[in-house]
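Listing of my_file.cif; format and content: mmCIF, C-alpha atoms and all ligand atoms; chains and numbers go by the auth columns.
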data_run
#
loop_
_atom_site.group_PDB
_atom_site.id
_atom_site.type_symbol
_atom_site.label_atom_id
_atom_site.label_comp_id
_atom_site.label_asym_id
_atom_site.label_seq_id
_atom_site.Cartn_x
_atom_site.Cartn_y
_atom_site.Cartn_z
_atom_site.B_iso_or_equiv
_atom_site.auth_seq_id
_atom_site.auth_asym_id
ATOM 1 C CA MET A 1 0.000 0.000 0.000 0.00 1 J
ATOM 2 C CA THR A 2 1.313 3.455 -0.881 0.00 2 J
ATOM 3 C CA LEU A 3 0.526 6.320 1.392 0.00 3 J
ATOM 4 C CA PRO A 4 -0.505 9.575 -0.298 0.00 4 J
ATOM 5 C CA PRO A 5 2.073 12.388 -0.221 0.00 5 J
ATOM 6 C CA VAL A 6 2.007 14.500 2.916 0.00 6 J
ATOM 7 C CA PRO A 7 0.457 17.850 2.054 0.00 7 J
ATOM 8 C CA ALA A 8 2.287 21.104 2.737 0.00 8 J
ATOM 9 C CA PRO A 9 2.859 22.584 5.299 0.00 9 J
ATOM 10 C CA PHE A 10 3.087 19.291 7.200 0.00 10 J
ATOM 11 C CA ASN A 11 6.000 17.976 5.140 0.00 11 J
ATOM 12 C CA ARG A 12 8.568 20.380 6.572 0.00 12 J
ATOM 13 C CA PRO A 13 11.519 18.929 8.480 0.00 13 J
ATOM 14 C CA ILE A 14 10.894 18.876 12.208 0.00 14 J
ATOM 15 C CA ALA A 15 12.591 21.861 13.854 0.00 15 J
ATOM 16 C CA PRO A 16 14.511 21.473 17.103 0.00 16 J
ATOM 17 C CA PRO A 17 12.235 22.061 20.086 0.00 17 J
ATOM 18 C CA ALA A 18 11.728 25.695 21.072 0.00 18 J
ATOM 19 C CA PRO A 19 12.275 26.727 24.705 0.00 19 J
ATOM 20 C CA ALA A 20 9.297 25.970 26.920 0.00 20 J
ATOM 21 C CA GLY A 21 6.578 28.548 26.518 0.00 21 J
ATOM 22 C CA TYR A 22 7.762 29.821 23.149 0.00 22 J
ATOM 23 C CA LEU A 23 6.373 29.296 19.667 0.00 23 J
ATOM 24 C CA SER A 24 8.590 28.277 16.785 0.00 24 J
ATOM 25 C CA PRO A 25 11.645 30.388 15.988 0.00 25 J
ATOM 26 C CA MET A 26 10.153 31.275 12.563 0.00 26 J
ATOM 27 C CA PRO A 27 7.723 33.984 13.653 0.00 27 J
ATOM 28 C CA ALA A 28 6.174 35.237 10.392 0.00 28 J
ATOM 29 C CA GLU A 29 3.399 32.625 10.284 0.00 29 J
ATOM 30 C CA HIS A 30 2.311 33.593 13.826 0.00 30 J
ATOM 31 C CA PHE A 31 1.799 37.229 12.837 0.00 31 J
ATOM 32 C CA SER A 32 -0.173 36.965 9.598 0.00 32 J
ATOM 33 C CA HIS A 33 -3.374 37.983 11.431 0.00 33 J
ATOM 34 C CA ILE A 34 -1.847 41.065 13.072 0.00 34 J
ATOM 35 C CA ARG A 35 -3.413 44.429 12.147 0.00 35 J
ATOM 36 C CA THR A 36 -2.047 46.602 14.993 0.00 36 J
ATOM 37 C CA TRP A 37 1.565 46.681 16.209 0.00 37 J
ATOM 38 C CA VAL A 38 2.068 48.079 19.723 0.00 38 J
ATOM 39 C CA PHE A 39 5.540 49.120 20.855 0.00 39 J
ATOM 40 C CA ASP A 40 6.793 50.019 24.291 0.00 40 J
ATOM 41 C CA LEU A 41 9.352 52.851 24.152 0.00 41 J
ATOM 42 C CA ASP A 42 12.266 52.765 26.646 0.00 42 J
ATOM 43 C CA ASN A 43 14.614 49.810 26.165 0.00 43 J
ATOM 44 C CA THR A 44 12.378 48.511 23.360 0.00 44 J
ATOM 45 C CA LEU A 45 12.646 51.081 20.538 0.00 45 J
ATOM 46 C CA TYR A 46 16.264 51.582 21.528 0.00 46 J
ATOM 47 C CA PRO A 47 18.504 48.879 23.017 0.00 47 J
ATOM 48 C CA PRO A 48 19.437 49.002 26.711 0.00 48 J
ATOM 49 C CA ARG A 49 23.119 49.251 25.698 0.00 49 J
ATOM 50 C CA MET A 50 22.426 52.886 24.775 0.00 50 J
ATOM 51 C CA ARG A 51 22.036 53.325 28.526 0.00 51 J
ATOM 52 C CA ARG A 52 19.703 56.256 28.142 0.00 52 J
ATOM 53 C CA PHE A 53 17.479 54.911 30.867 0.00 53 J
ATOM 54 C CA ASP A 54 20.346 55.274 33.363 0.00 54 J
ATOM 55 C CA GLN A 55 19.794 59.032 33.325 0.00 55 J
ATOM 56 C CA ILE A 56 16.115 58.579 34.081 0.00 56 J
ATOM 57 C CA GLU A 57 16.937 56.218 36.951 0.00 57 J
ATOM 58 C CA VAL A 58 19.085 58.929 38.556 0.00 58 J
ATOM 59 C CA ARG A 59 16.431 61.581 38.003 0.00 59 J
ATOM 60 C CA MET A 60 13.713 59.335 39.456 0.00 60 J
ATOM 61 C CA THR A 61 15.747 58.808 42.610 0.00 61 J
ATOM 62 C CA ASN A 62 16.419 62.572 42.844 0.00 62 J
ATOM 63 C CA GLY A 63 12.720 63.233 42.284 0.00 63 J
ATOM 64 C CA VAL A 64 11.739 60.918 45.152 0.00 64 J
ATOM 65 C CA MET A 65 14.402 62.491 47.426 0.00 65 J
ATOM 66 C CA THR A 66 13.054 65.990 46.717 0.00 66 J
ATOM 67 C CA ALA A 67 9.352 65.137 46.819 0.00 67 J
ATOM 68 C CA LEU A 68 9.512 63.134 50.062 0.00 68 J
ATOM 69 C CA ASN A 69 12.558 64.745 51.700 0.00 69 J
ATOM 70 C CA VAL A 70 14.374 61.427 52.158 0.00 70 J
ATOM 71 C CA ASP A 71 17.988 60.394 51.574 0.00 71 J
ATOM 72 C CA ARG A 72 19.247 58.533 48.489 0.00 72 J
ATOM 73 C CA ALA A 73 19.236 55.061 50.060 0.00 73 J
ATOM 74 C CA HIS A 74 15.671 55.484 51.283 0.00 74 J
ATOM 75 C CA ALA A 75 14.589 56.870 47.923 0.00 75 J
ATOM 76 C CA ASP A 76 16.078 53.861 46.107 0.00 76 J
ATOM 77 C CA HIS A 77 14.349 51.525 48.536 0.00 77 J
ATOM 78 C CA LEU A 78 10.999 53.245 47.957 0.00 78 J
ATOM 79 C CA ARG A 79 11.449 53.120 44.190 0.00 79 J
ATOM 80 C CA ALA A 80 12.109 49.367 44.294 0.00 80 J
ATOM 81 C CA THR A 81 9.099 48.863 46.578 0.00 81 J
ATOM 82 C CA TYR A 82 6.767 50.966 44.398 0.00 82 J
ATOM 83 C CA TRP A 83 7.986 49.297 41.214 0.00 83 J
ATOM 84 C CA LYS A 84 7.039 45.905 42.653 0.00 84 J
ATOM 85 C CA ARG A 85 3.813 46.987 44.349 0.00 85 J
ATOM 86 C CA TYR A 86 2.391 49.507 41.860 0.00 86 J
ATOM 87 C CA GLY A 87 4.227 48.874 38.560 0.00 87 J
ATOM 88 C CA THR A 88 6.087 52.203 38.518 0.00 88 J
ATOM 89 C CA THR A 89 7.671 54.697 40.893 0.00 89 J
ATOM 90 C CA LEU A 90 5.100 57.290 39.823 0.00 90 J
ATOM 91 C CA ALA A 91 2.126 55.057 40.605 0.00 91 J
ATOM 92 C CA GLY A 92 3.499 54.525 44.127 0.00 92 J
ATOM 93 C CA LEU A 93 4.130 58.248 44.637 0.00 93 J
ATOM 94 C CA MET A 94 0.565 59.015 43.539 0.00 94 J
ATOM 95 C CA ALA A 95 -1.018 56.253 45.622 0.00 95 J
ATOM 96 C CA GLU A 96 0.887 56.874 48.838 0.00 96 J
ATOM 97 C CA HIS A 97 1.921 60.545 48.653 0.00 97 J
ATOM 98 C CA ARG A 98 -0.508 62.251 46.223 0.00 98 J
ATOM 99 C CA ILE A 99 2.362 63.538 44.092 0.00 99 J
ATOM 100 C CA ASP A 100 1.468 65.726 41.068 0.00 100 J
ATOM 101 C CA PRO A 101 2.227 63.424 38.118 0.00 101 J
ATOM 102 C CA ASP A 102 2.847 66.092 35.479 0.00 102 J
ATOM 103 C CA ALA A 103 5.579 67.900 37.430 0.00 103 J
ATOM 104 C CA TYR A 104 7.242 64.603 38.294 0.00 104 J
ATOM 105 C CA LEU A 105 7.135 63.334 34.700 0.00 105 J
ATOM 106 C CA ALA A 106 8.488 66.583 33.277 0.00 106 J
ATOM 107 C CA ASP A 107 11.396 66.559 35.727 0.00 107 J
ATOM 108 C CA VAL A 108 12.283 62.874 35.337 0.00 108 J
ATOM 109 C CA HIS A 109 12.285 63.041 31.541 0.00 109 J
ATOM 110 C CA ASN A 110 14.242 66.283 31.243 0.00 110 J
ATOM 111 C CA ILE A 111 17.361 64.398 30.140 0.00 111 J
ATOM 112 C CA ASP A 112 20.078 64.390 27.510 0.00 112 J
ATOM 113 C CA PHE A 113 18.936 62.689 24.288 0.00 113 J
ATOM 114 C CA SER A 114 22.338 62.784 22.593 0.00 114 J
ATOM 115 C CA VAL A 115 23.149 59.202 23.635 0.00 115 J
ATOM 116 C CA LEU A 116 20.361 58.028 21.327 0.00 116 J
ATOM 117 C CA SER A 117 21.222 57.724 17.651 0.00 117 J
ATOM 118 C CA PRO A 118 18.983 57.403 14.582 0.00 118 J
ATOM 119 C CA ASP A 119 18.409 53.848 13.339 0.00 119 J
ATOM 120 C CA PRO A 120 17.403 53.955 9.664 0.00 120 J
ATOM 121 C CA VAL A 121 17.297 50.141 9.383 0.00 121 J
ATOM 122 C CA LEU A 122 14.864 49.862 12.296 0.00 122 J
ATOM 123 C CA ALA A 123 12.810 52.696 10.771 0.00 123 J
ATOM 124 C CA ARG A 124 12.574 50.821 7.464 0.00 124 J
ATOM 125 C CA ARG A 125 11.531 47.595 9.175 0.00 125 J
ATOM 126 C CA ILE A 126 8.836 49.300 11.266 0.00 126 J
ATOM 127 C CA ALA A 127 7.570 51.089 8.149 0.00 127 J
ATOM 128 C CA ALA A 128 7.222 47.691 6.434 0.00 128 J
ATOM 129 C CA LEU A 129 4.767 46.359 9.042 0.00 129 J
ATOM 130 C CA PRO A 130 1.293 46.182 7.512 0.00 130 J
ATOM 131 C CA GLY A 131 -1.501 47.936 9.410 0.00 131 J
ATOM 132 C CA ARG A 132 -1.640 50.326 12.324 0.00 132 J
ATOM 133 C CA ARG A 133 1.492 51.050 14.397 0.00 133 J
ATOM 134 C CA ILE A 134 1.357 52.667 17.836 0.00 134 J
ATOM 135 C CA VAL A 135 3.628 53.421 20.796 0.00 135 J
ATOM 136 C CA TYR A 136 2.423 52.852 24.358 0.00 136 J
ATOM 137 C CA THR A 137 4.789 53.832 27.196 0.00 137 J
ATOM 138 C CA ASN A 138 4.595 54.336 30.961 0.00 138 J
ATOM 139 C CA ALA A 139 6.426 57.636 30.356 0.00 139 J
ATOM 140 C CA ASP A 140 4.492 60.590 28.941 0.00 140 J
ATOM 141 C CA ALA A 141 3.747 61.180 25.269 0.00 141 J
ATOM 142 C CA PRO A 142 5.765 64.439 24.846 0.00 142 J
ATOM 143 C CA TYR A 143 8.857 62.587 26.071 0.00 143 J
ATOM 144 C CA ALA A 144 8.054 59.669 23.763 0.00 144 J
ATOM 145 C CA HIS A 145 7.974 62.023 20.772 0.00 145 J
ATOM 146 C CA ARG A 146 11.454 63.303 21.693 0.00 146 J
ATOM 147 C CA VAL A 147 12.821 59.766 21.903 0.00 147 J
ATOM 148 C CA LEU A 148 11.254 58.891 18.548 0.00 148 J
ATOM 149 C CA ALA A 149 12.831 61.993 17.000 0.00 149 J
ATOM 150 C CA ALA A 150 16.268 61.090 18.397 0.00 150 J
ATOM 151 C CA ARG A 151 15.930 57.579 16.930 0.00 151 J
ATOM 152 C CA GLY A 152 14.795 58.839 13.509 0.00 152 J
ATOM 153 C CA LEU A 153 11.382 57.175 13.961 0.00 153 J
ATOM 154 C CA THR A 154 9.158 60.258 13.743 0.00 154 J
ATOM 155 C CA GLY A 155 6.158 59.828 11.460 0.00 155 J
ATOM 156 C CA LEU A 156 6.139 56.019 11.546 0.00 156 J
ATOM 157 C CA PHE A 157 3.424 55.697 14.184 0.00 157 J
ATOM 158 C CA ASP A 158 -0.305 56.346 13.904 0.00 158 J
ATOM 159 C CA ALA A 159 -0.549 57.227 17.616 0.00 159 J
ATOM 160 C CA VAL A 160 1.684 57.687 20.671 0.00 160 J
ATOM 161 C CA TYR A 161 0.192 56.979 24.102 0.00 161 J
ATOM 162 C CA GLY A 162 1.700 57.727 27.499 0.00 162 J
ATOM 163 C CA VAL A 163 0.706 57.133 31.096 0.00 163 J
ATOM 164 C CA GLU A 164 -1.456 60.288 30.927 0.00 164 J
ATOM 165 C CA HIS A 165 -3.724 58.505 28.405 0.00 165 J
ATOM 166 C CA ALA A 166 -4.242 55.677 30.926 0.00 166 J
ATOM 167 C CA ARG A 167 -5.408 58.110 33.641 0.00 167 J
ATOM 168 C CA TYR A 168 -1.908 57.688 35.159 0.00 168 J
ATOM 169 C CA ARG A 169 -2.460 53.996 35.818 0.00 169 J
ATOM 170 C CA PRO A 170 0.688 52.139 34.699 0.00 170 J
ATOM 171 C CA LYS A 171 1.388 49.015 32.753 0.00 171 J
ATOM 172 C CA PRO A 172 1.320 46.191 33.951 0.00 172 J
ATOM 173 C CA GLU A 173 -2.236 46.940 35.198 0.00 173 J
ATOM 174 C CA ARG A 174 -4.819 45.508 32.851 0.00 174 J
ATOM 175 C CA ALA A 175 -7.017 48.587 33.356 0.00 175 J
ATOM 176 C CA ALA A 176 -4.236 50.748 31.904 0.00 176 J
ATOM 177 C CA PHE A 177 -4.071 48.642 28.731 0.00 177 J
ATOM 178 C CA GLU A 178 -7.860 48.611 28.467 0.00 178 J
ATOM 179 C CA THR A 179 -8.061 52.410 28.709 0.00 179 J
ATOM 180 C CA VAL A 180 -5.427 52.982 26.041 0.00 180 J
ATOM 181 C CA PHE A 181 -6.712 50.271 23.720 0.00 181 J
ATOM 182 C CA ALA A 182 -10.256 51.649 23.979 0.00 182 J
ATOM 183 C CA LEU A 183 -8.910 55.092 23.023 0.00 183 J
ATOM 184 C CA ASP A 184 -7.210 53.526 20.021 0.00 184 J
ATOM 185 C CA ASN A 185 -10.179 51.326 19.091 0.00 185 J
ATOM 186 C CA LEU A 186 -7.736 48.432 19.141 0.00 186 J
ATOM 187 C CA ASP A 187 -8.841 44.797 18.853 0.00 187 J
ATOM 188 C CA PRO A 188 -6.362 42.801 20.999 0.00 188 J
ATOM 189 C CA THR A 189 -7.007 39.580 19.064 0.00 189 J
ATOM 190 C CA THR A 190 -5.424 41.128 15.970 0.00 190 J
ATOM 191 C CA ALA A 191 -2.635 43.017 17.766 0.00 191 J
ATOM 192 C CA ALA A 192 0.936 42.312 18.861 0.00 192 J
ATOM 193 C CA MET A 193 2.854 43.850 21.772 0.00 193 J
ATOM 194 C CA PHE A 194 6.633 44.408 21.891 0.00 194 J
ATOM 195 C CA GLU A 195 8.000 45.145 25.370 0.00 195 J
ATOM 196 C CA ASP A 196 11.213 44.819 27.407 0.00 196 J
ATOM 197 C CA ASP A 197 9.479 44.376 30.807 0.00 197 J
ATOM 198 C CA ALA A 198 8.105 40.822 30.849 0.00 198 J
ATOM 199 C CA ARG A 199 5.487 41.790 33.461 0.00 199 J
ATOM 200 C CA ASN A 200 3.907 44.140 30.929 0.00 200 J
ATOM 201 C CA LEU A 201 3.100 41.269 28.568 0.00 201 J
ATOM 202 C CA ALA A 202 0.820 39.372 30.973 0.00 202 J
ATOM 203 C CA ALA A 203 -2.301 41.524 30.513 0.00 203 J
ATOM 204 C CA PRO A 204 -1.849 41.806 26.725 0.00 204 J
ATOM 205 C CA HIS A 205 -1.547 38.006 26.527 0.00 205 J
ATOM 206 C CA ALA A 206 -4.687 37.556 28.633 0.00 206 J
ATOM 207 C CA MET A 207 -6.508 39.950 26.283 0.00 207 J
ATOM 208 C CA GLY A 208 -5.567 37.832 23.270 0.00 208 J
ATOM 209 C CA MET A 209 -2.533 39.687 21.924 0.00 209 J
ATOM 210 C CA LYS A 210 0.605 38.190 20.446 0.00 210 J
ATOM 211 C CA THR A 211 3.460 38.970 22.869 0.00 211 J
ATOM 212 C CA VAL A 212 7.139 39.561 22.094 0.00 212 J
ATOM 213 C CA HIS A 213 9.677 40.072 24.876 0.00 213 J
ATOM 214 C CA ILE A 214 12.608 42.263 23.748 0.00 214 J
ATOM 215 C CA ALA A 215 15.487 41.858 26.207 0.00 215 J
ATOM 216 C CA PRO A 216 19.078 40.610 26.418 0.00 216 J
ATOM 217 C CA GLU A 217 17.992 37.538 28.400 0.00 217 J
ATOM 218 C CA PRO A 218 14.885 35.398 27.829 0.00 218 J
ATOM 219 C CA GLU A 219 12.420 34.972 30.688 0.00 219 J
ATOM 220 C CA PRO A 220 10.333 32.014 29.527 0.00 220 J
ATOM 221 C CA ALA A 221 6.741 32.245 30.743 0.00 221 J
ATOM 222 C CA ASP A 222 3.332 31.132 29.547 0.00 222 J
ATOM 223 C CA HIS A 223 2.379 34.709 28.648 0.00 223 J
ATOM 224 C CA ILE A 224 5.385 35.270 26.354 0.00 224 J
ATOM 225 C CA HIS A 225 5.089 33.936 22.805 0.00 225 J
ATOM 226 C CA HIS A 226 8.472 35.068 21.507 0.00 226 J
ATOM 227 C CA HIS A 227 11.725 36.442 22.832 0.00 227 J
ATOM 228 C CA ALA A 228 14.266 38.460 20.854 0.00 228 J
ATOM 229 C CA GLU A 229 17.432 40.198 21.956 0.00 229 J
ATOM 230 C CA ASP A 230 16.994 42.855 19.331 0.00 230 J
ATOM 231 C CA LEU A 231 13.741 44.322 18.019 0.00 231 J
ATOM 232 C CA SER A 232 15.191 45.168 14.612 0.00 232 J
ATOM 233 C CA ASP A 233 16.419 41.597 14.023 0.00 233 J
ATOM 234 C CA PHE A 234 13.041 40.204 15.027 0.00 234 J
ATOM 235 C CA LEU A 235 11.190 42.560 12.669 0.00 235 J
ATOM 236 C CA SER A 236 13.520 41.563 9.815 0.00 236 J
ATOM 237 C CA ARG A 237 12.304 37.977 10.251 0.00 237 J
ATOM 238 C CA LEU A 238 8.688 39.164 10.140 0.00 238 J
ATOM 239 C CA THR A 239 9.034 41.403 7.116 0.00 239 J
ATOM 240 C CA GLY A 240 11.719 39.498 5.189 0.00 240 J
ATOM 241 C CA ASP A 241 13.911 42.615 5.247 0.00 241 J
ATOM 242 C CA ASP A 242 17.530 41.623 5.820 0.00 242 J
HETATM 243 MG MG MG B . 10.413 49.674 28.438 0.00 301 X
#

Is it possible to express this structure as structure tokens?
Amino acid sequence: MTLPPVPAPFNRPIAPPAPAGYLSPMPAEHFSHIRTWVFDLDNTLYPPRMRRFDQIEVRMTNGVMTALNVDRAHADHLRATYWKRYGTTLAGLMAEHRIDPDAYLADVHNIDFSVLSPDPVLARRIAALPGRRIVYTNADAPYAHRVLAARGLTGLFDAVYGVEHARYRPKPERAAFETVFALDNLDPTTAAMFEDDARNLAAPHAMGMKTVHIAPEPEPADHIHHHAEDLSDFLSRLTGDD
């Protein structure tokens, strides 16, 4: 007896097993249904090696020291506590000390952008993504626009959302995502999220989004579909742009 030929796509060679919790290393087929591409900003649209976030870390500690009149060690301790308990330093300052978010955000993000350089290859790869492209950051939108300008990414995004659009609730809270996605009219089941903080992919995954963790080290988890060290490399595999 002769068996009929195995139809494509089931006749491909079997790939080596992916790490637990991840889909196959060839991502394009998992993204064919995506109509909206959501990008975090800091340490996602530029790599952490640019160390721009270091400046913000210092300014956040200084901001806590000034606002609460505490020393540096105490301020660092509070920041770590608030980050764990509330998602961000700002959310903790607002919840426990009624800090004015706009003054805090303006001070923290008043930093030197010269360490960021334009990335024309990344710009080309983002531009090649079909559908709607948006930025959603726990920083504020005016700051996000400055980062995008420094990276040569201005004009590539249909919308830029900051923590002010989520009524100052931060990622990873699901309510924050829901507020921003409602503003954008976004359908999570046809959207993908790119983010360096693995915590911030849990709610998007639960809402039906495709999740991509962009970070030097993988953190395998059920709510992370893909990991990539470098956003630009990952997008090149999606768009076929080498
Ligand atoms: Mg980030």

Quick one: which stretch 38-89 of chain J residues come within 6 Å of stretch 189-195 of chain J, and what is the nearest atom pair for each with the distance in Å to one decimal, counting all atoms listed in the file, rows ordered by chain and ascending number, as JSON lines?
{"residue": "J:Val38", "atom": "CA", "partner": "J:Met193", "partner_atom": "CA", "distance": 4.8}
{"residue": "J:Phe39", "atom": "CA", "partner": "J:Phe194", "partner_atom": "CA", "distance": 4.9}
{"residue": "J:Asp40", "atom": "CA", "partner": "J:Glu195", "partner_atom": "CA", "distance": 5.1}
{"residue": "J:Thr44", "atom": "CA", "partner": "J:Glu195", "partner_atom": "CA", "distance": 5.9}

Next, the residues of the selection above should be written as a CSV table (one decimal), keeping the file's coordinate frame with C-alpha atoms.
chain,number,residue,atom,x,y,z
J,38,VAL,CA,2.1,48.1,19.7
J,39,PHE,CA,5.5,49.1,20.9
J,40,ASP,CA,6.8,50.0,24.3
J,44,THR,CA,12.4,48.5,23.4

_Please determine, counting all atoms listed in the file, which residue among J:Leu156, J:Ile111, J:Met65, J:Ala139 has the shortest atom-to-atom distance to ligand MG 301 (chain X)._
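The answer is J:Ala139, which sits nearest to ligand MG 301 (chain X).
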
*Would you be able to write out as a ChimeraX atom specification which residues have an atom within 7 Å of (6.9, 53.4, 18.1) in the file's coordinates, counting all atoms listed in the file?*
/J:39,41,45,133-135,157

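Remark: for ligand MG 301 (chain X), the closest of the candidate residues J:Tyr136, J:Phe31, J:Tyr104, J:Phe113 is J:Tyr136 (distances computed over all atoms listed in the file).
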
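Pairwise distance (atom CA of J:Ala182, atom CA of J:Arg167) equals 12.6 Å.
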
*Counting all atoms listed in the file, which of J:Pro118, J:Gly131, J:Pro101, J:Gly162 gets nearest to ligand MG 301 (chain X)?*
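Nearest candidate to ligand MG 301 (chain X) out of J:Pro118, J:Gly131, J:Pro101, J:Gly162: J:Gly162.
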
*Have a look at atom CA of J:Asp54 and atom CA of J:Glu164 and let me know their distance in Å, one decimal.*
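Computed distance, atom CA of J:Asp54 to atom CA of J:Glu164, equals 22.5 Å.
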